[in-house]
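What follows is the content of work28.txt (compact mmCIF, C-alpha atoms).
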```
# COMPACT_ATOMS: atom_id res chain seq x y z
CA MET O 5 201.08 76.87 207.86
CA ARG O 6 200.77 75.85 204.21
CA SER O 7 198.72 79.00 203.63
CA PHE O 8 201.61 80.94 205.18
CA VAL O 9 203.89 79.64 202.42
CA LEU O 10 201.49 81.03 199.84
CA LEU O 11 201.66 84.40 201.55
CA VAL O 12 205.45 84.30 201.34
CA LEU O 13 205.19 83.68 197.60
CA VAL O 14 202.76 86.56 197.19
CA ALA O 15 205.12 88.87 199.07
CA ALA O 16 208.06 87.79 196.93
CA LEU O 17 206.14 88.37 193.74
CA ALA O 18 205.30 91.84 194.98
CA THR O 19 209.04 92.64 194.99
CA GLY O 20 209.11 92.49 191.21
CA GLY O 21 208.51 88.92 190.12
CA CYS O 22 212.06 87.83 190.93
CA LEU O 23 210.85 84.34 191.70
CA LEU O 24 211.15 83.79 187.94
CA ASP O 25 214.95 83.92 188.06
CA PRO O 26 216.28 84.55 191.57
CA GLY O 27 219.87 83.94 190.45
CA LEU O 28 219.85 87.35 188.73
CA PHE O 29 219.56 89.00 192.13
CA VAL O 30 222.38 87.25 194.00
CA GLU O 31 226.15 87.77 193.87
CA VAL O 32 228.66 85.18 195.13
CA THR O 33 232.21 86.06 196.18
CA ARG O 34 234.91 84.18 198.07
CA ARG O 35 238.02 85.04 200.07
CA PRO O 36 240.70 83.24 202.11
CA TRP O 37 239.80 82.87 205.80
CA GLY O 38 242.81 81.01 207.21
CA GLU O 39 244.32 77.54 207.28
CA VAL O 40 243.65 74.26 209.07
CA ASP O 41 246.60 71.84 209.12
CA GLY O 42 248.04 73.57 206.07
CA GLU O 43 244.76 73.45 204.15
CA GLU O 44 243.29 76.77 203.06
CA VAL O 45 239.79 77.61 204.28
CA GLU O 46 237.66 80.01 202.25
CA LEU O 47 234.69 82.10 203.29
CA PHE O 48 231.90 82.47 200.71
CA ARG O 49 229.67 85.53 200.70
CA LEU O 50 226.20 85.35 199.14
CA GLU O 51 224.52 88.73 198.74
CA SER O 52 221.04 89.43 197.46
CA ARG O 53 220.01 92.77 195.97
CA SER O 54 217.31 92.87 198.64
CA GLY O 55 220.14 93.30 201.18
CA THR O 56 220.30 89.77 202.62
CA VAL O 57 223.88 88.56 203.14
CA VAL O 58 224.96 85.03 204.06
CA GLU O 59 228.56 84.03 204.82
CA ILE O 60 229.48 80.34 204.71
CA ALA O 61 232.81 78.82 205.72
CA GLU O 62 234.43 75.75 204.22
CA LEU O 63 235.22 74.72 207.80
CA GLY O 64 232.23 72.61 208.84
CA GLY O 65 230.05 74.21 206.18
CA ALA O 66 229.21 76.75 208.88
CA ILE O 67 226.80 79.65 208.35
CA VAL O 68 228.98 82.37 209.88
CA SER O 69 226.52 85.23 209.36
CA LEU O 70 223.03 85.74 207.98
CA THR O 71 221.33 89.13 207.81
CA ALA O 72 217.61 89.82 207.73
CA ALA O 73 215.58 93.04 207.61
CA ASP O 74 213.26 94.23 210.38
CA ARG O 75 209.92 95.95 209.75
CA ASP O 76 211.74 99.28 209.22
CA GLY O 77 214.08 97.79 206.62
CA GLU O 78 217.09 97.72 208.95
CA PHE O 79 219.32 94.66 208.58
CA ALA O 80 220.92 92.71 211.41
CA ASP O 81 222.92 89.51 211.66
CA VAL O 82 220.50 86.99 213.19
CA VAL O 83 222.76 83.97 213.77
CA LEU O 84 225.29 83.48 216.57
CA GLY O 85 228.93 82.90 215.68
CA PHE O 86 232.51 84.11 215.74
CA ASN O 87 234.67 86.43 213.65
CA ASP O 88 237.71 84.18 213.41
CA LEU O 89 238.52 80.65 212.29
CA ASP O 90 240.32 79.65 215.50
CA SER O 91 237.14 80.14 217.54
CA TYR O 92 235.28 77.72 215.28
CA LEU O 93 238.05 75.14 215.81
CA ALA O 94 237.98 75.47 219.61
CA ASP O 95 236.41 72.79 221.80
CA THR O 96 234.19 75.51 223.28
CA ASN O 97 232.41 76.08 219.95
CA PRO O 98 228.86 74.72 220.44
CA TYR O 99 228.47 73.86 216.72
CA PHE O 100 227.62 77.44 215.74
CA GLY O 101 226.09 77.34 212.25
CA ALA O 102 227.69 74.02 211.32
CA VAL O 103 226.62 71.02 209.27
CA VAL O 104 226.43 68.27 211.89
CA GLY O 105 226.86 64.55 211.16
CA ARG O 106 227.59 61.88 210.03
CA TYR O 107 224.81 61.39 212.54
CA ALA O 108 223.26 64.56 213.94
CA ASN O 109 222.02 64.50 217.53
CA ARG O 110 222.65 61.60 219.93
CA ILE O 111 223.33 57.88 219.58
CA ALA O 112 222.88 56.01 222.86
CA GLY O 113 225.92 54.38 224.37
CA GLY O 114 228.07 55.47 221.44
CA GLN O 115 227.21 52.38 219.41
CA PHE O 116 224.76 50.84 216.97
CA THR O 117 224.35 47.51 215.18
CA LEU O 118 223.87 47.27 211.42
CA ASP O 119 223.51 44.01 209.48
CA GLY O 120 224.66 42.08 212.54
CA LYS O 121 227.82 44.10 213.16
CA THR O 122 228.24 46.52 216.05
CA TYR O 123 230.02 49.84 215.47
CA ASN O 124 231.56 51.84 218.30
CA LEU O 125 231.58 55.64 218.11
CA PRO O 126 233.29 58.35 220.16
CA ARG O 127 231.47 59.05 223.42
CA ASN O 128 231.66 62.83 223.44
CA ASP O 129 228.46 63.50 225.40
CA GLY O 130 228.74 61.50 228.59
CA GLU O 131 228.22 57.86 227.59
CA ASN O 132 226.66 58.88 224.28
CA SER O 133 227.86 60.04 220.88
CA LEU O 134 226.76 63.52 219.80
CA HIS O 135 226.72 65.13 216.35
CA GLY O 136 229.02 62.60 214.69
CA GLY O 137 231.79 62.48 217.28
CA VAL O 138 234.81 64.57 218.22
CA ARG O 139 235.33 66.19 214.80
CA GLY O 140 232.29 64.93 212.95
CA LEU O 141 231.62 67.05 209.89
CA THR O 142 231.95 70.23 211.95
CA ARG O 143 235.73 70.53 212.24
CA VAL O 144 236.72 69.24 208.80
CA VAL O 145 237.40 71.38 205.72
CA TRP O 146 234.88 71.02 202.91
CA ASP O 147 235.65 71.86 199.27
CA GLY O 148 233.48 74.74 198.06
CA GLU O 149 232.61 76.17 194.66
CA PRO O 150 230.06 78.75 193.47
CA ILE O 151 226.87 77.40 191.86
CA ARG O 152 223.75 78.67 190.17
CA THR O 153 220.42 76.79 190.21
CA GLU O 154 216.78 77.50 189.49
CA HIS O 155 216.44 78.63 193.12
CA GLY O 156 219.25 81.19 193.08
CA ARG O 157 223.00 81.32 193.50
CA GLY O 158 225.21 79.96 196.21
CA VAL O 159 227.93 77.52 197.10
CA ALA O 160 228.25 73.73 196.85
CA LEU O 161 230.36 72.14 199.58
CA ARG O 162 231.73 68.60 199.21
CA TYR O 163 233.50 66.28 201.61
CA ARG O 164 234.46 62.59 201.45
CA SER O 165 234.31 60.97 204.87
CA PRO O 166 236.61 57.93 204.77
CA ASP O 167 235.60 54.47 205.92
CA GLY O 168 235.95 54.26 209.70
CA GLU O 169 236.00 58.00 210.35
CA GLU O 170 234.58 58.52 213.85
CA GLY O 171 233.75 54.79 213.86
CA TYR O 172 231.21 54.91 211.02
CA PRO O 173 231.41 52.38 208.15
CA GLY O 174 231.78 53.22 204.48
CA ASN O 175 233.35 55.91 202.37
CA VAL O 176 230.60 58.51 202.25
CA ASP O 177 230.50 61.40 199.77
CA PHE O 178 228.61 64.39 201.16
CA GLU O 179 227.42 67.45 199.27
CA VAL O 180 225.64 70.40 200.86
CA ARG O 181 224.40 73.27 198.70
CA TYR O 182 223.53 76.67 200.18
CA ILE O 183 221.41 78.64 197.68
CA LEU O 184 220.30 82.22 198.30
CA GLY O 185 217.18 83.57 196.66
CA VAL O 186 215.71 87.01 197.31
CA ASP O 187 214.89 86.55 201.00
CA ASP O 188 215.27 82.82 201.44
CA LEU O 189 218.16 80.43 202.01
CA ARG O 190 217.72 76.91 200.63
CA ILE O 191 219.92 74.07 201.90
CA GLU O 192 220.15 70.89 199.82
CA ALA O 193 222.07 67.94 201.28
CA GLU O 194 222.98 64.63 199.63
CA ALA O 195 225.13 61.63 200.52
CA THR O 196 226.14 58.35 198.90
CA THR O 197 228.11 55.41 200.30
CA ASP O 198 230.04 52.34 199.19
CA GLN O 199 229.05 50.30 202.29
CA PRO O 200 225.89 50.09 204.39
CA THR O 201 225.97 52.89 206.96
CA VAL O 202 223.74 55.41 208.76
CA VAL O 203 223.39 59.08 207.82
CA ASN O 204 221.51 61.92 209.46
CA LEU O 205 222.56 65.50 208.69
CA SER O 206 221.32 68.67 210.33
CA PHE O 207 222.17 72.37 210.33
CA HIS O 208 223.04 73.95 213.65
CA SER O 209 222.47 77.71 213.34
CA TYR O 210 221.53 79.52 216.55
CA PHE O 211 218.93 82.17 215.70
CA ASN O 212 218.18 85.36 217.56
CA LEU O 213 215.87 87.49 215.43
CA LYS O 214 216.61 90.59 217.51
CA GLY O 215 220.22 90.23 216.31
CA GLU O 216 223.15 88.17 217.55
CA GLY O 217 224.30 89.34 220.97
CA GLU O 218 221.01 91.16 221.66
CA GLY O 219 219.99 89.24 224.77
CA ASP O 220 217.95 86.07 225.06
CA ILE O 221 215.23 84.54 222.88
CA LEU O 222 212.51 84.15 225.54
CA ASP O 223 210.25 86.79 223.93
CA HIS O 224 210.34 85.06 220.53
CA GLU O 225 207.03 83.51 219.53
CA LEU O 226 207.28 80.01 218.09
CA GLY O 227 204.81 77.94 216.14
CA LEU O 228 205.59 74.26 215.52
CA GLU O 229 203.34 72.39 213.11
CA SER O 230 203.46 69.18 215.12
CA LEU O 231 201.21 67.44 217.61
CA SER O 232 203.74 64.86 218.80
CA TYR O 233 207.34 64.61 219.96
CA THR O 234 209.85 61.98 221.10
CA PRO O 235 210.31 62.08 224.90
CA VAL O 236 213.80 61.53 226.30
CA ASP O 237 215.40 60.14 229.43
CA ALA O 238 217.71 62.06 231.77
CA ASP O 239 220.59 61.66 229.27
CA LEU O 240 218.44 63.17 226.47
CA ILE O 241 218.14 59.80 224.70
CA PRO O 242 214.70 59.05 223.21
CA THR O 243 212.69 56.46 225.10
CA GLY O 244 211.24 55.17 221.82
CA GLU O 245 207.81 56.62 222.57
CA ILE O 246 206.04 59.11 220.31
CA ALA O 247 203.97 61.24 222.67
CA SER O 248 201.25 63.84 222.19
CA VAL O 249 202.05 67.47 222.94
CA LEU O 250 198.46 68.15 223.97
CA GLY O 251 198.14 69.45 227.51
CA THR O 252 201.92 69.91 227.89
CA PRO O 253 204.44 72.76 227.55
CA MET O 254 205.63 71.01 224.37
CA ARG O 255 202.65 72.32 222.40
CA PHE O 256 203.36 75.28 220.11
CA VAL O 257 200.05 75.31 218.24
CA PRO O 258 199.07 78.15 218.14
CA PRO O 259 202.40 80.05 218.27
CA THR O 260 203.51 80.65 221.85
CA ARG O 261 206.07 82.86 223.56
CA ILE O 262 209.06 80.63 224.27
CA GLY O 263 209.60 82.00 227.77
CA ASP O 264 206.03 81.37 228.87
CA ARG O 265 206.55 77.70 229.81
CA ILE O 266 210.25 76.93 229.42
CA ASP O 267 210.76 76.72 233.19
CA ASP O 268 207.57 74.79 233.99
CA ASP O 269 207.82 71.91 236.43
CA PHE O 270 207.61 69.34 233.64
CA GLU O 271 209.96 66.35 233.62
CA GLN O 272 211.01 66.71 229.98
CA LEU O 273 211.96 70.36 230.51
CA ARG O 274 213.92 69.43 233.65
CA PHE O 275 215.85 66.81 231.67
CA GLY O 276 216.77 69.33 228.98
CA GLY O 277 217.24 72.40 231.14
CA GLY O 278 214.66 73.87 228.75
CA TYR O 279 213.66 72.73 225.29
CA ASP O 280 216.06 70.22 223.71
CA HIS O 281 213.67 67.82 222.00
CA ASN O 282 212.66 66.37 218.66
CA TRP O 283 209.21 67.14 217.27
CA VAL O 284 207.65 64.74 214.77
CA VAL O 285 206.63 66.23 211.42
CA ASP O 286 202.97 65.24 211.10
CA GLU O 287 202.93 65.04 207.31
CA PRO O 288 206.54 64.73 206.11
CA ALA O 289 207.35 65.28 202.45
CA ASP O 290 207.45 62.23 200.20
CA GLU O 291 210.58 61.36 198.24
CA GLY O 292 211.16 64.04 195.61
CA ASP O 293 208.59 66.45 197.03
CA GLU O 294 209.30 70.03 198.02
CA PRO O 295 209.70 70.77 201.74
CA VAL O 296 206.75 71.26 204.07
CA THR O 297 206.41 73.96 206.71
CA VAL O 298 207.50 72.88 210.19
CA ALA O 299 208.21 76.08 212.17
CA ARG O 300 207.36 79.76 212.32
CA LEU O 301 209.48 82.07 214.50
CA HIS O 302 208.47 85.69 215.22
CA GLU O 303 210.33 88.37 217.17
CA PRO O 304 207.76 91.06 218.12
CA GLU O 305 210.17 93.96 218.74
CA SER O 306 211.86 93.83 215.32
CA GLY O 307 208.93 92.29 213.46
CA ARG O 308 211.22 89.68 211.88
CA LEU O 309 209.65 86.38 210.86
CA LEU O 310 211.46 83.16 210.02
CA LEU O 311 209.65 80.31 208.31
CA VAL O 312 211.37 76.90 208.27
CA THR O 313 210.42 74.24 205.74
CA THR O 314 212.00 70.81 205.31
CA THR O 315 211.76 67.33 203.81
CA ALA O 316 213.11 65.80 207.04
CA PRO O 317 210.77 63.83 209.36
CA GLY O 318 211.83 65.64 212.53
CA LEU O 319 212.77 69.02 214.01
CA GLN O 320 214.90 69.55 217.10
CA LEU O 321 214.17 72.69 219.10
CA TYR O 322 217.15 73.63 221.27
CA THR O 323 216.89 76.84 223.28
CA GLY O 324 220.57 77.51 224.02
CA ASN O 325 220.33 75.99 227.49
CA PHE O 326 224.10 75.46 227.75
CA LEU O 327 225.06 79.00 226.75
CA ASP O 328 226.28 80.80 229.87
CA GLY O 329 227.76 84.15 228.85
CA THR O 330 231.36 82.93 228.53
CA LEU O 331 231.40 82.95 224.72
CA VAL O 332 231.84 86.35 223.06
CA GLY O 333 230.29 86.67 219.62
CA LYS O 334 230.90 88.61 216.42
CA GLY O 335 229.67 91.90 217.78
CA GLY O 336 231.92 91.73 220.84
CA ARG O 337 229.07 90.88 223.19
CA PRO O 338 228.73 87.73 225.30
CA TYR O 339 226.09 85.18 224.44
CA PRO O 340 223.91 84.75 227.54
CA HIS O 341 221.94 81.75 228.73
CA ARG O 342 219.33 81.07 226.04
CA GLY O 343 220.87 83.72 223.81
CA GLY O 344 219.91 81.81 220.66
CA LEU O 345 217.76 78.90 219.57
CA CYS O 346 218.25 76.12 217.04
CA LEU O 347 215.61 74.68 214.72
CA GLU O 348 217.46 71.56 213.56
CA THR O 349 215.75 69.68 210.74
CA GLN O 350 216.70 66.03 211.06
CA HIS O 351 215.86 62.36 211.44
CA PHE O 352 215.02 61.34 214.99
CA PRO O 353 217.84 61.02 217.58
CA ASP O 354 219.16 57.48 218.17
CA SER O 355 217.21 56.05 215.23
CA PRO O 356 219.84 53.31 214.58
CA ASN O 357 218.89 51.88 218.00
CA GLN O 358 215.15 52.56 217.74
CA PRO O 359 213.42 50.18 215.30
CA GLY O 360 210.16 52.12 215.62
CA PHE O 361 211.69 55.32 214.23
CA PRO O 362 212.15 56.13 210.52
CA SER O 363 215.24 54.37 209.20
CA THR O 364 218.50 56.24 208.70
CA VAL O 365 220.28 53.36 206.96
CA LEU O 366 221.98 54.28 203.68
CA ARG O 367 223.12 51.51 201.33
CA PRO O 368 225.24 51.49 198.16
CA GLY O 369 223.21 52.64 195.16
CA GLU O 370 220.94 54.82 197.32
CA THR O 371 221.14 58.60 197.86
CA TYR O 372 220.39 60.35 201.13
CA ARG O 373 218.60 63.65 200.49
CA GLN O 374 217.33 66.48 202.63
CA VAL O 375 216.11 69.97 201.70
CA THR O 376 215.60 72.72 204.28
CA GLU O 377 214.65 76.34 203.65
CA TYR O 378 214.80 79.46 205.79
CA LEU O 379 212.38 82.12 204.51
CA PHE O 380 212.59 85.61 206.02
CA MET O 381 209.94 88.32 206.05
CA THR O 382 208.34 90.69 208.57
CA ASP O 383 204.98 90.85 210.26
CA ASP O 384 204.19 94.02 208.25
CA SER O 385 204.89 92.27 204.93
CA LEU O 386 202.74 89.36 206.09
CA ARG O 387 199.83 91.70 206.81
CA GLN O 388 200.33 93.36 203.42
CA ALA O 389 200.28 89.98 201.66
CA ARG O 390 197.07 89.04 203.45
CA GLU O 391 195.42 92.28 202.39
CA GLU O 392 196.40 91.69 198.77
```
Write the structure described by the file as structure tokens, please.
Amino acid sequence: MRSFVLLVLVAALATGGCLLDPGLFVEVTRRPWGEVDGEEVELFRLESRSGTVVEIAELGGAIVSLTAADRDGEFADVVLGFNDLDSYLADTNPYFGAVVGRYANRIAGGQFTLDGKTYNLPRNDGENSLHGGVRGLTRVVWDGEPIRTEHGRGVALRYRSPDGEEGYPGNVDFEVRYILGVDDLRIEAEATTDQPTVVNLSFHSYFNLKGEGEGDILDHELGLESLSYTPVDADLIPTGEIASVLGTPMRFVPPTRIGDRIDDDFEQLRFGGGYDHNWVVDEPADEGDEPVTVARLHEPESGRLLLVTTTAPGLQLYTGNFLDGTLVGKGGRPYPHRGGLCLETQHFPDSPNQPGFPSTVLRPGETYRQVTEYLFMTDDSLRQAREE
């Protein structure tokens, strides 16, 4: 996979050396998108000269749209979502494109103990807490402003989560930066606190590389650079074990068609109704390092390729098992069962209750950081890069 990153760089250089200053090739605009409780919500549009367009809402920091070219140069929106603000506020919104937290994924029993004190959280997933609670960071309005960095141009979103929000301790200042380069979207997340707390952010885009609303994702080919995962119980809470993927449908080395084994008679797949599990990054990035490659997604019909890199220690694959055709997306078409998949870079689920997992405790004076990148190309451009 690391060699694949080099091929991406070669392909980008072939477009004219724009890696030297990607900000020259991106335009950022903003417009009003509605109001939430009297507070204006803006929609930011990032557009690259290559044709890639990303739209990001101040509500939940959601990626509302993201276009990518196929092997013929035709662009399509490859993330699921809605056209209007009200749909993102509805209880039926399954976190489309959102920043999820304070604690992404599940916390068992809706509680954890830190420094001898037990904190109770909303139980919004049976007896467990999911994605930070009822509102979390998904249904709050962030404050956005355009930015320019060495990686390109984009938007910085900031939100202060007050002490006690959703049961979590500490005033926590969050900042998430979406930065568009030529054909890549970089996400930089940071958080600081004034009391000991736990933090685990993730990004909940549902990808369909055929285009949103274009059927299911079972023909997508997925490679995961991981040989272990964290098994779950029937409530999708990790057991605490780190298990090998060898000899199981959880292995995606080499890349495998998602539909080939998703309905196998395997207990973990029965628990999730498909894939809804955390894979362990075998060699996670050290503090301050650039992200490492964790996933490669290919859609054979369009030729689109998505490469995911991250500094996080885990990756949740969720195959849209709870989509059922009742939600109608941006293009006016319903989203069917398994109509999109998520590649959620994260810390492990339920880490505050699992002493054997990497710690998610954040203390005053420390800074939580995560970097995730989505790099888009096609199988034709990959072959060309290999030949060069």
Using all atoms listed in the file, which residues of range 175-236 of chain O come within 12 Å of range 86-95 of chain O, and what is the closest atom pair for each, with the distance in Å to one decimal? Give it as a tab-separated table, sorted by chain and residue number.
```
residue	atom	partner	partner_atom	distance
O:Tyr210	CA	O:Phe86	CA	11.9
O:Glu216	CA	O:Phe86	CA	10.4
O:Gly217	CA	O:Phe86	CA	11.1
```
Show me, as AutoDock Vina command-line options, the centre and edge lengths in Å to one decimal of the axis-aligned box that covers every listed atom of range 110-125 of chain O with 5 Å on each side.
```
--center_x 227.1 --center_y 51.8 --center_z 216.9 --size_x 18.9 --size_y 29.5 --size_z 24.9
```
Near-Glu170 in chain O list (8 Å; all atoms listed in the file; drop same-chain fewer than 3 positions) as a ChimeraX atom specification
/O:125-126,136-140
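For the atom pair formed by CA of Arg157 in chain O and CA of Ala193 in chain O, the distance is 15.5 Å, given to one decimal.
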What is the CA of Phe380 in chain O-CA of Phe211 in chain O distance in Å, reported with one decimal?
12.1 Å
Rebuild range 128-138 of chain O so that it carries all heavy atoms, then output the result as a PDB file, in the coordinates of the input.
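See part.pdb below for the written result:
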```
ATOM      1  N   ASN O 128     231.311  61.426 223.186  1.00  0.00           N
ATOM      2  CA  ASN O 128     231.660  62.830 223.440  1.00  0.00           C
ATOM      3  C   ASN O 128     230.551  63.598 224.134  1.00  0.00           C
ATOM      4  O   ASN O 128     230.587  64.834 224.210  1.00  0.00           O
ATOM      5  CB  ASN O 128     232.048  63.526 222.128  1.00  0.00           C
ATOM      6  CG  ASN O 128     230.919  63.520 221.114  1.00  0.00           C
ATOM      7  OD1 ASN O 128     230.139  62.577 221.021  1.00  0.00           O
ATOM      8  ND2 ASN O 128     230.830  64.583 220.337  1.00  0.00           N
ATOM      9  N   ASP O 129     229.564  62.879 224.657  1.00  0.00           N
ATOM     10  CA  ASP O 129     228.460  63.500 225.400  1.00  0.00           C
ATOM     11  C   ASP O 129     228.083  62.532 226.521  1.00  0.00           C
ATOM     12  O   ASP O 129     227.105  61.810 226.439  1.00  0.00           O
ATOM     13  CB  ASP O 129     227.267  63.751 224.470  1.00  0.00           C
ATOM     14  CG  ASP O 129     226.123  64.465 225.169  1.00  0.00           C
ATOM     15  OD1 ASP O 129     226.375  65.507 225.794  1.00  0.00           O
ATOM     16  OD2 ASP O 129     224.979  63.964 225.104  1.00  0.00           O
ATOM     17  N   GLY O 130     228.905  62.519 227.560  1.00  0.00           N
ATOM     18  CA  GLY O 130     228.740  61.500 228.590  1.00  0.00           C
ATOM     19  C   GLY O 130     229.025  60.130 228.006  1.00  0.00           C
ATOM     20  O   GLY O 130     230.074  59.904 227.395  1.00  0.00           O
ATOM     21  N   GLU O 131     228.073  59.212 228.144  1.00  0.00           N
ATOM     22  CA  GLU O 131     228.220  57.860 227.590  1.00  0.00           C
ATOM     23  C   GLU O 131     227.708  57.763 226.165  1.00  0.00           C
ATOM     24  O   GLU O 131     227.702  56.677 225.584  1.00  0.00           O
ATOM     25  CB  GLU O 131     227.474  56.850 228.479  1.00  0.00           C
ATOM     26  CG  GLU O 131     228.104  56.649 229.844  1.00  0.00           C
ATOM     27  CD  GLU O 131     229.534  56.124 229.724  1.00  0.00           C
ATOM     28  OE1 GLU O 131     229.734  55.088 229.055  1.00  0.00           O
ATOM     29  OE2 GLU O 131     230.449  56.750 230.296  1.00  0.00           O
ATOM     30  N   ASN O 132     227.285  58.887 225.591  1.00  0.00           N
ATOM     31  CA  ASN O 132     226.660  58.880 224.280  1.00  0.00           C
ATOM     32  C   ASN O 132     227.509  59.592 223.238  1.00  0.00           C
ATOM     33  O   ASN O 132     228.431  60.342 223.566  1.00  0.00           O
ATOM     34  CB  ASN O 132     225.270  59.531 224.373  1.00  0.00           C
ATOM     35  CG  ASN O 132     224.421  58.898 225.463  1.00  0.00           C
ATOM     36  OD1 ASN O 132     224.270  57.680 225.511  1.00  0.00           O
ATOM     37  ND2 ASN O 132     223.900  59.717 226.355  1.00  0.00           N
ATOM     38  N   SER O 133     227.190  59.350 221.975  1.00  0.00           N
ATOM     39  CA  SER O 133     227.860  60.040 220.880  1.00  0.00           C
ATOM     40  C   SER O 133     226.952  61.159 220.384  1.00  0.00           C
ATOM     41  O   SER O 133     225.744  60.959 220.189  1.00  0.00           O
ATOM     42  CB  SER O 133     228.158  59.065 219.733  1.00  0.00           C
ATOM     43  OG  SER O 133     228.942  59.699 218.735  1.00  0.00           O
ATOM     44  N   LEU O 134     227.530  62.340 220.194  1.00  0.00           N
ATOM     45  CA  LEU O 134     226.760  63.520 219.800  1.00  0.00           C
ATOM     46  C   LEU O 134     227.293  64.116 218.516  1.00  0.00           C
ATOM     47  O   LEU O 134     228.510  64.332 218.376  1.00  0.00           O
ATOM     48  CB  LEU O 134     226.819  64.570 220.924  1.00  0.00           C
ATOM     49  CG  LEU O 134     226.154  65.919 220.640  1.00  0.00           C
ATOM     50  CD1 LEU O 134     224.641  65.758 220.494  1.00  0.00           C
ATOM     51  CD2 LEU O 134     226.476  66.920 221.754  1.00  0.00           C
ATOM     52  N   HIS O 135     226.406  64.381 217.574  1.00  0.00           N
ATOM     53  CA  HIS O 135     226.720  65.130 216.350  1.00  0.00           C
ATOM     54  C   HIS O 135     227.909  64.560 215.574  1.00  0.00           C
ATOM     55  O   HIS O 135     228.742  65.308 215.040  1.00  0.00           O
ATOM     56  CB  HIS O 135     226.949  66.604 216.659  1.00  0.00           C
ATOM     57  CG  HIS O 135     225.707  67.334 217.074  1.00  0.00           C
ATOM     58  ND1 HIS O 135     224.446  66.988 216.636  1.00  0.00           N
ATOM     59  CD2 HIS O 135     225.540  68.413 217.898  1.00  0.00           C
ATOM     60  CE1 HIS O 135     223.554  67.812 217.173  1.00  0.00           C
ATOM     61  NE2 HIS O 135     224.191  68.689 217.929  1.00  0.00           N
ATOM     62  N   GLY O 136     228.020  63.228 215.543  1.00  0.00           N
ATOM     63  CA  GLY O 136     229.020  62.600 214.690  1.00  0.00           C
ATOM     64  C   GLY O 136     230.362  62.366 215.330  1.00  0.00           C
ATOM     65  O   GLY O 136     231.266  61.825 214.681  1.00  0.00           O
ATOM     66  N   GLY O 137     230.542  62.765 216.610  1.00  0.00           N
ATOM     67  CA  GLY O 137     231.790  62.480 217.280  1.00  0.00           C
ATOM     68  C   GLY O 137     232.628  63.709 217.573  1.00  0.00           C
ATOM     69  O   GLY O 137     232.122  64.839 217.598  1.00  0.00           O
ATOM     70  N   VAL O 138     233.923  63.497 217.770  1.00  0.00           N
ATOM     71  CA  VAL O 138     234.810  64.570 218.220  1.00  0.00           C
ATOM     72  C   VAL O 138     234.979  65.648 217.156  1.00  0.00           C
ATOM     73  O   VAL O 138     234.895  66.839 217.435  1.00  0.00           O
ATOM     74  CB  VAL O 138     236.184  63.989 218.623  1.00  0.00           C
ATOM     75  CG1 VAL O 138     237.137  65.102 219.039  1.00  0.00           C
ATOM     76  CG2 VAL O 138     236.029  62.983 219.767  1.00  0.00           C
TER      77      VAL O 138
END
```
